[in-house]
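target39.pdb follows (PDB, C-alpha atoms):
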ATOM      1  CA  MET A   1     134.204 108.820   4.244
ATOM      2  CA  ILE A   2     130.483 108.051   3.463
ATOM      3  CA  ASP A   3     129.264 108.648  -0.111
ATOM      4  CA  LEU A   4     126.037 110.644   0.257
ATOM      5  CA  ASP A   5     124.798 109.316  -3.129
ATOM      6  CA  GLY A   6     124.624 105.821  -1.708
ATOM      7  CA  GLN A   7     127.614 104.452  -3.496
ATOM      8  CA  GLY A   8     129.231 103.231  -0.301
ATOM      9  CA  TYR A   9     132.479 104.181   1.374
ATOM     10  CA  THR A  10     135.034 106.300  -0.458
ATOM     11  CA  PRO A  11     138.469 106.329   1.178
ATOM     12  CA  ALA A  12     139.874 109.730   2.042
ATOM     13  CA  PRO A  13     142.819 110.847  -0.068
ATOM     14  CA  ALA A  14     146.192 110.024   1.447
ATOM     15  CA  LEU A  15     147.992 112.944   3.018
ATOM     16  CA  GLU A  16     151.379 113.904   1.637
ATOM     17  CA  PRO A  17     154.065 113.240   4.224
ATOM     18  CA  ILE A  18     155.563 116.354   5.742
ATOM     19  CA  GLU A  19     159.255 116.396   4.882
ATOM     20  CA  PRO A  20     161.526 117.702   7.633
ATOM     21  CA  ASN A  21     163.276 120.935   6.838
ATOM     22  CA  PRO A  22     166.903 119.930   6.146
ATOM     23  CA  ASN A  23     168.038 123.429   7.025
ATOM     24  CA  SER A  24     166.793 122.988  10.592
ATOM     25  CA  HIS A  25     169.220 120.106  11.116
ATOM     26  CA  THR A  26     171.996 122.094   9.483
ATOM     27  CA  ARG A  27     171.428 125.070  11.768
ATOM     28  CA  ARG A  28     171.260 122.829  14.812
ATOM     29  CA  ASP A  29     174.444 121.020  13.799
ATOM     30  CA  ARG A  30     176.206 124.347  13.311
ATOM     31  CA  ARG A  31     175.114 125.543  16.737
ATOM     32  CA  ILE A  32     176.316 122.328  18.360
ATOM     33  CA  ALA A  33     179.662 122.470  16.534
ATOM     34  CA  ALA A  34     180.145 126.129  17.443
ATOM     35  CA  ARG A  35     179.384 125.537  21.121
ATOM     36  CA  ARG A  36     181.688 122.520  21.221
ATOM     37  CA  ALA A  37     184.494 124.534  19.617
ATOM     38  CA  GLN A  38     183.868 127.329  22.126
ATOM     39  CA  ILE A  39     184.282 124.905  25.028
ATOM     40  CA  LEU A  40     187.426 123.371  23.516
ATOM     41  CA  GLU A  41     189.022 126.795  23.026
ATOM     42  CA  ALA A  42     188.362 127.615  26.669
ATOM     43  CA  ALA A  43     189.631 124.214  27.781
ATOM     44  CA  GLU A  44     192.865 124.657  25.852
ATOM     45  CA  ALA A  45     193.498 128.019  27.521
ATOM     46  CA  ILE A  46     192.760 126.727  31.032
ATOM     47  CA  PHE A  47     194.730 123.495  30.566
ATOM     48  CA  ALA A  48     197.688 125.451  29.201
ATOM     49  CA  ALA A  49     197.622 127.858  32.158
ATOM     50  CA  LYS A  50     196.968 125.387  34.975
ATOM     51  CA  GLY A  51     197.807 121.943  33.619
ATOM     52  CA  TYR A  52     195.401 119.059  33.430
ATOM     53  CA  HIS A  53     195.235 118.355  37.162
ATOM     54  CA  GLY A  54     195.052 122.017  38.162
ATOM     55  CA  ALA A  55     192.144 122.810  35.841
ATOM     56  CA  THR A  56     188.493 122.312  36.765
ATOM     57  CA  THR A  57     185.421 121.943  34.600
ATOM     58  CA  ARG A  58     183.870 124.883  36.462
ATOM     59  CA  GLU A  59     186.726 127.165  35.382
ATOM     60  CA  ILE A  60     186.522 125.886  31.825
ATOM     61  CA  ALA A  61     182.763 126.443  31.720
ATOM     62  CA  GLN A  62     183.198 129.987  33.016
ATOM     63  CA  ALA A  63     185.903 130.696  30.423
ATOM     64  CA  ALA A  64     183.601 129.323  27.705
ATOM     65  CA  ASP A  65     180.700 131.447  29.026
ATOM     66  CA  VAL A  66     178.474 128.420  29.518
ATOM     67  CA  SER A  67     177.079 126.666  32.562
ATOM     68  CA  GLU A  68     178.856 123.622  33.909
ATOM     69  CA  GLY A  69     175.742 121.618  33.083
ATOM     70  CA  THR A  70     175.966 122.698  29.456
ATOM     71  CA  LEU A  71     179.594 121.617  29.356
ATOM     72  CA  TYR A  72     178.538 118.152  30.537
ATOM     73  CA  ASN A  73     176.088 117.956  27.644
ATOM     74  CA  TYR A  74     179.127 117.878  25.368
ATOM     75  CA  PHE A  75     181.753 116.111  27.472
ATOM     76  CA  ALA A  76     181.212 113.497  30.172
ATOM     77  CA  ASN A  77     183.984 114.756  32.449
ATOM     78  CA  LYS A  78     187.338 116.538  32.472
ATOM     79  CA  ARG A  79     189.153 113.487  31.119
ATOM     80  CA  ASP A  80     186.726 113.233  28.207
ATOM     81  CA  LEU A  81     187.215 116.945  27.561
ATOM     82  CA  PHE A  82     190.998 116.598  27.480
ATOM     83  CA  VAL A  83     190.806 113.678  25.049
ATOM     84  CA  GLY A  84     188.306 115.671  22.993
ATOM     85  CA  LEU A  85     190.814 118.519  22.798
ATOM     86  CA  MET A  86     193.557 116.153  21.654
ATOM     87  CA  THR A  87     191.278 114.643  19.032
ATOM     88  CA  SER A  88     189.980 117.990  17.781
ATOM     89  CA  ARG A  89     193.459 119.426  17.316
ATOM     90  CA  THR A  90     194.544 116.230  15.561
ATOM     91  CA  ASP A  91     191.566 116.439  13.183
ATOM     92  CA  ALA A  92     192.619 119.947  12.168
ATOM     93  CA  LEU A  93     196.266 118.929  11.829
ATOM     94  CA  VAL A  94     195.531 115.895   9.655
ATOM     95  CA  GLU A  95     193.204 117.970   7.476
ATOM     96  CA  SER A  96     195.877 120.621   6.960
ATOM     97  CA  ILE A  97     198.443 117.995   5.932
ATOM     98  CA  ALA A  98     195.953 116.471   3.478
ATOM     99  CA  GLU A  99     195.512 119.893   1.865
ATOM    100  CA  VAL A 100     199.211 120.242   0.991
ATOM    101  CA  ARG A 101     199.469 120.534  -2.780
ATOM    102  CA  ALA A 102     202.886 120.974  -4.338
ATOM    103  CA  GLY A 103     204.691 119.679  -7.394
ATOM    104  CA  SER A 104     208.114 119.609  -5.761
ATOM    105  CA  VAL A 105     209.720 118.375  -2.569
ATOM    106  CA  VAL A 106     210.783 121.904  -1.655
ATOM    107  CA  GLY A 107     207.271 123.262  -2.155
ATOM    108  CA  ALA A 108     205.615 120.402  -0.265
ATOM    109  CA  MET A 109     207.972 120.605   2.714
ATOM    110  CA  ALA A 110     207.735 124.395   2.918
ATOM    111  CA  GLU A 111     203.923 124.297   2.804
ATOM    112  CA  LEU A 112     203.711 121.428   5.281
ATOM    113  CA  LEU A 113     206.119 122.953   7.791
ATOM    114  CA  ALA A 114     204.757 126.484   7.513
ATOM    115  CA  GLY A 115     201.307 125.159   8.381
ATOM    116  CA  GLN A 116     202.601 123.204  11.346
ATOM    117  CA  PHE A 117     204.702 126.048  12.724
ATOM    118  CA  THR A 118     201.766 128.437  12.411
ATOM    119  CA  ARG A 119     199.561 125.956  14.239
ATOM    120  CA  MET A 120     202.293 125.448  16.835
ATOM    121  CA  ARG A 121     202.142 129.126  17.727
ATOM    122  CA  GLU A 122     198.370 129.400  17.722
ATOM    123  CA  HIS A 123     197.785 126.260  19.824
ATOM    124  CA  ARG A 124     200.507 125.693  22.396
ATOM    125  CA  HIS A 125     199.346 122.298  23.586
ATOM    126  CA  PHE A 126     202.077 119.927  22.393
ATOM    127  CA  ARG A 127     204.040 119.966  25.642
ATOM    128  CA  LEU A 128     200.862 119.555  27.680
ATOM    129  CA  PHE A 129     199.755 116.516  25.663
ATOM    130  CA  LEU A 130     203.157 114.868  25.870
ATOM    131  CA  GLN A 131     203.518 115.611  29.559
ATOM    132  CA  GLU A 132     200.162 114.135  30.495
ATOM    133  CA  ALA A 133     200.615 111.138  28.171
ATOM    134  CA  ARG A 134     203.876 110.321  29.934
ATOM    135  CA  LEU A 135     202.130 110.220  33.316
ATOM    136  CA  ASP A 136     198.680 108.856  32.473
ATOM    137  CA  PRO A 137     198.313 105.390  30.866
ATOM    138  CA  GLU A 138     194.976 106.227  29.229
ATOM    139  CA  PHE A 139     196.270 109.457  27.717
ATOM    140  CA  ASN A 140     199.399 107.610  26.610
ATOM    141  CA  ARG A 141     197.275 105.001  24.837
ATOM    142  CA  THR A 142     195.246 107.708  23.102
ATOM    143  CA  LEU A 143     198.375 109.539  21.968
ATOM    144  CA  VAL A 144     200.364 106.477  20.896
ATOM    145  CA  GLN A 145     197.585 104.364  19.402
ATOM    146  CA  GLU A 146     195.255 106.997  17.961
ATOM    147  CA  ILE A 147     196.744 110.485  17.667
ATOM    148  CA  LEU A 148     200.293 109.896  16.427
ATOM    149  CA  PRO A 149     199.370 107.138  13.932
ATOM    150  CA  ARG A 150     196.814 109.406  12.245
ATOM    151  CA  ILE A 151     199.361 112.189  11.838
ATOM    152  CA  SER A 152     202.196 109.919  10.717
ATOM    153  CA  GLN A 153     200.010 108.088   8.203
ATOM    154  CA  GLN A 154     198.991 111.378   6.609
ATOM    155  CA  VAL A 155     202.596 112.581   6.358
ATOM    156  CA  GLU A 156     203.679 109.214   4.948
ATOM    157  CA  ARG A 157     200.873 109.424   2.390
ATOM    158  CA  LEU A 158     202.159 112.834   1.313
ATOM    159  CA  MET A 159     205.733 111.580   0.970
ATOM    160  CA  THR A 160     204.680 108.435  -0.871
ATOM    161  CA  GLY A 161     202.761 110.609  -3.320
ATOM    162  CA  LEU A 162     205.855 112.718  -3.952
ATOM    163  CA  ILE A 163     207.941 109.571  -4.492
ATOM    164  CA  ASP A 164     205.402 108.085  -6.893
ATOM    165  CA  ALA A 165     205.270 111.388  -8.796
ATOM    166  CA  GLY A 166     209.033 111.193  -9.290
ATOM    167  CA  VAL A 167     209.810 114.458  -7.493
ATOM    168  CA  MET A 168     211.226 112.824  -4.363
ATOM    169  CA  ARG A 169     213.927 110.172  -4.349
ATOM    170  CA  ARG A 170     213.021 106.724  -3.115
ATOM    171  CA  ILE A 171     213.600 106.620   0.606
ATOM    172  CA  ASP A 172     211.730 104.918   3.410
ATOM    173  CA  PRO A 173     208.723 107.262   3.886
ATOM    174  CA  GLU A 174     208.146 105.973   7.423
ATOM    175  CA  ILE A 175     211.663 106.920   8.567
ATOM    176  CA  ALA A 176     211.419 110.247   6.750
ATOM    177  CA  ASN A 177     208.063 110.913   8.402
ATOM    178  CA  TRP A 178     209.313 110.299  11.949
ATOM    179  CA  THR A 179     212.414 112.396  11.288
ATOM    180  CA  LEU A 180     210.267 115.293  10.133
ATOM    181  CA  MET A 181     207.759 114.875  12.961
ATOM    182  CA  SER A 182     210.593 114.831  15.501
ATOM    183  CA  ALA A 183     211.844 118.159  14.183
ATOM    184  CA  VAL A 184     208.366 119.715  14.364
ATOM    185  CA  VAL A 185     207.583 118.391  17.858
ATOM    186  CA  GLY A 186     211.065 119.264  19.134
ATOM    187  CA  LEU A 187     210.763 122.837  17.913
ATOM    188  CA  ALA A 188     207.274 123.048  19.422
ATOM    189  CA  LEU A 189     208.568 121.878  22.797
ATOM    190  CA  PHE A 190     211.499 124.300  22.824
ATOM    191  CA  SER A 191     209.165 127.106  21.796
ATOM    192  CA  ASP A 192     206.676 126.265  24.561
ATOM    193  CA  LEU A 193     209.483 126.161  27.114
ATOM    194  CA  GLY A 194     210.807 129.524  25.981
ATOM    195  CA  ALA A 195     214.217 127.926  25.517
ATOM    196  CA  ALA A 196     214.786 129.215  21.984
ATOM    197  CA  PRO A 197     213.891 132.922  21.551
ATOM    198  CA  VAL A 198     214.847 132.719  17.870
ATOM    199  CA  LEU A 199     211.761 130.583  17.287
ATOM    200  CA  GLU A 200     209.587 133.470  18.456
ATOM    201  CA  LYS A 201     211.375 136.084  16.355
ATOM    202  CA  ILE A 202     211.296 134.313  13.008
ATOM    203  CA  SER A 203     208.131 134.042  10.933
ATOM    204  CA  ALA A 204     206.526 130.647  10.395
ATOM    205  CA  ASP A 205     207.250 130.807   6.672
ATOM    206  CA  ALA A 206     210.914 131.710   7.194
ATOM    207  CA  LEU A 207     211.334 128.978   9.799
ATOM    208  CA  ALA A 208     209.695 126.458   7.470
ATOM    209  CA  ALA A 209     212.007 127.493   4.634
ATOM    210  CA  GLN A 210     215.134 127.019   6.760
ATOM    211  CA  VAL A 211     214.069 123.693   8.254
ATOM    212  CA  SER A 212     212.982 122.310   4.875
ATOM    213  CA  ASP A 213     216.303 123.459   3.366
ATOM    214  CA  ILE A 214     218.219 121.537   6.050
ATOM    215  CA  PHE A 215     215.926 118.552   5.633
ATOM    216  CA  ILE A 216     216.241 118.472   1.839
ATOM    217  CA  ASN A 217     219.772 119.723   1.169
ATOM    218  CA  GLY A 218     221.519 118.496   4.296
ATOM    219  CA  LEU A 219     224.566 120.174   5.817
ATOM    220  CA  HIS A 220     227.098 119.746   3.024
ATOM    221  CA  GLY A 221     229.338 122.709   2.335
ATOM    222  CA  ALA A 222     230.757 123.746  -1.014
ATOM    223  CA  ARG A 223     233.919 121.678  -0.449
ATOM    224  CA  ASP A 224     231.830 118.549   0.064
ATOM    225  CA  ASN A 225     230.122 118.822  -3.314
ATOM    226  CA  PRO A 226     231.710 116.688  -6.031
TER     227      PRO A 226
END
Written form, structure tokens:
Amino acid sequence: MIDLDGQGYTPAPALEPIEPNPNSHTRRDRRIAARRAQILEAAEAIFAAKGYHGATTREIAQAADVSEGTLYNYFANKRDLFVGLMTSRTDALVESIAEVRAGSVVGAMAELLAGQFTRMREHRHFRLFLQEARLDPEFNRTLVQEILPRISQQVERLMTGLIDAGVMRRIDPEIANWTLMSAVVGLALFSDLGAAPVLEKISADALAAQVSDIFINGLHGARDNP
């Protein structure tokens, strides 16, 4: 600005930059995450009822109480939505395995299996994922190259930690992992098919206790013990 006393030009003081409100981004992120979860919940229900090919994005949008255009703001198409569902459920599964904290093999297996059996009942999508992956090369690639490795690596990490802590005998953690995962997936499939009513009658904790007992102690009877 001009100095009225004739001293020449005096620069105006610099303005302090306006910092963005970090809470505004947090609120926006929460809204986006909540809407995405809402769409995924609806997609899981529609896919489970009608299968991948029988479901439409219009039905999923209606079930999620959003417009079809809004759905496309989050997912490019039905295929992207299905992969997003697979990925989202895997994220939650891997996180739950990482949270297992136990100082014994029995405690770790019981906690791990109880969590998986509870999840199996709340989200009945295992059979759907496996069915579509068997028929669709892209879904198969996602399941085999991305989904299953993430789960197996987390289970192996848990078992390796138990071995290193000296509470689990030294076995091949990769073989042990696939054995355990086969039991979980097999029980999930039989439960989804309605082929084993006992799986619906027993609590997740009780089922986990029995499966972990078989896994840890085997099938030896009293006469087999030295």
### Contacts of Ala165 (chain A) within 12 Å, all atoms listed in the file, excl. fewer than 4 positions in-chain, as a list in words
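Counting all atoms listed in the file, the residues come to Ala102, Gly103, Ser104, Val105, Leu158, Met159, Thr160, Gly161, Arg169 and Arg170 of chain A.
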### Task
Could you expand the PyMOL selection byres ((chain A and resi 115) around 12) into the explicit residues it covers here, written as a PyMOL selection string?
chain A and resi 92-100+108-114+116-122+184+203-209
#### Entry: Distance criterion (all atoms listed in the file): nearest to Gln153 (chain A) out of A:Ala64, A:Leu135, A:Ala48, A:Ala176
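For Gln153 (chain A), the nearest of the given residues is A:Ala176.
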### Query
Can you tell me how far CA of Ala45 (chain A) sits from CA of Arg28 (chain A), in Å to one decimal?
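Distance between the two atoms: 26.1 Å.
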### Task
I need the residue set behind the PyMOL selection byres ((chain A and resi 60) around 12) for this file; please write it as a ChimeraX atom specification.
/A:38-50,52,54-59,61-72,75,77-78,81-82
Evaluate the PyMOL selection byres ((chain A and resi 90) around 12) and report residues as a tab-separated table (two decimals) with C-alpha atoms, keeping the file's coordinate frame:
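See result16.tsv below for the written result:
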chain	number	residue	atom	x	y	z
A	83	VAL	CA	190.81	113.68	25.05
A	84	GLY	CA	188.31	115.67	22.99
A	85	LEU	CA	190.81	118.52	22.80
A	86	MET	CA	193.56	116.15	21.65
A	87	THR	CA	191.28	114.64	19.03
A	88	SER	CA	189.98	117.99	17.78
A	89	ARG	CA	193.46	119.43	17.32
A	91	ASP	CA	191.57	116.44	13.18
A	92	ALA	CA	192.62	119.95	12.17
A	93	LEU	CA	196.27	118.93	11.83
A	94	VAL	CA	195.53	115.90	9.65
A	95	GLU	CA	193.20	117.97	7.48
A	96	SER	CA	195.88	120.62	6.96
A	97	ILE	CA	198.44	118.00	5.93
A	116	GLN	CA	202.60	123.20	11.35
A	119	ARG	CA	199.56	125.96	14.24
A	123	HIS	CA	197.78	126.26	19.82
A	125	HIS	CA	199.35	122.30	23.59
A	126	PHE	CA	202.08	119.93	22.39
A	129	PHE	CA	199.76	116.52	25.66
A	142	THR	CA	195.25	107.71	23.10
A	143	LEU	CA	198.38	109.54	21.97
A	146	GLU	CA	195.26	107.00	17.96
A	147	ILE	CA	196.74	110.48	17.67
A	148	LEU	CA	200.29	109.90	16.43
A	149	PRO	CA	199.37	107.14	13.93
A	150	ARG	CA	196.81	109.41	12.24
A	151	ILE	CA	199.36	112.19	11.84
A	152	SER	CA	202.20	109.92	10.72
A	154	GLN	CA	198.99	111.38	6.61
### Message
Could you tell me how far CA of Arg157 (chain A) sits from CA of Ile202 (chain A), in Å to one decimal place?
### Response
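Between CA of Ile202 (chain A) and CA of Arg157 (chain A) the gap works out to 29.0 Å.
When all atoms listed in the file are used to measure the gap to Ala34 (chain A), the shortest distance among A:Tyr74, A:Gln145, A:Ser212, A:Gly51 belongs to A:Tyr74.
Taking CA of Val155 (chain A) as the reference point, CA of Glu174 (chain A) is found at 8.7 Å.
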As lines of an AutoDock Vina configuration file, please: the centre and edge lengths in Å, to one decimal, of an axis-aligned box enclosing every listed atom of region 52-57 of chain A with 5 Å added on each side.
center_x = 190.4
center_y = 120.6
center_z = 35.8
size_x = 20.0
size_y = 14.5
size_z = 14.7
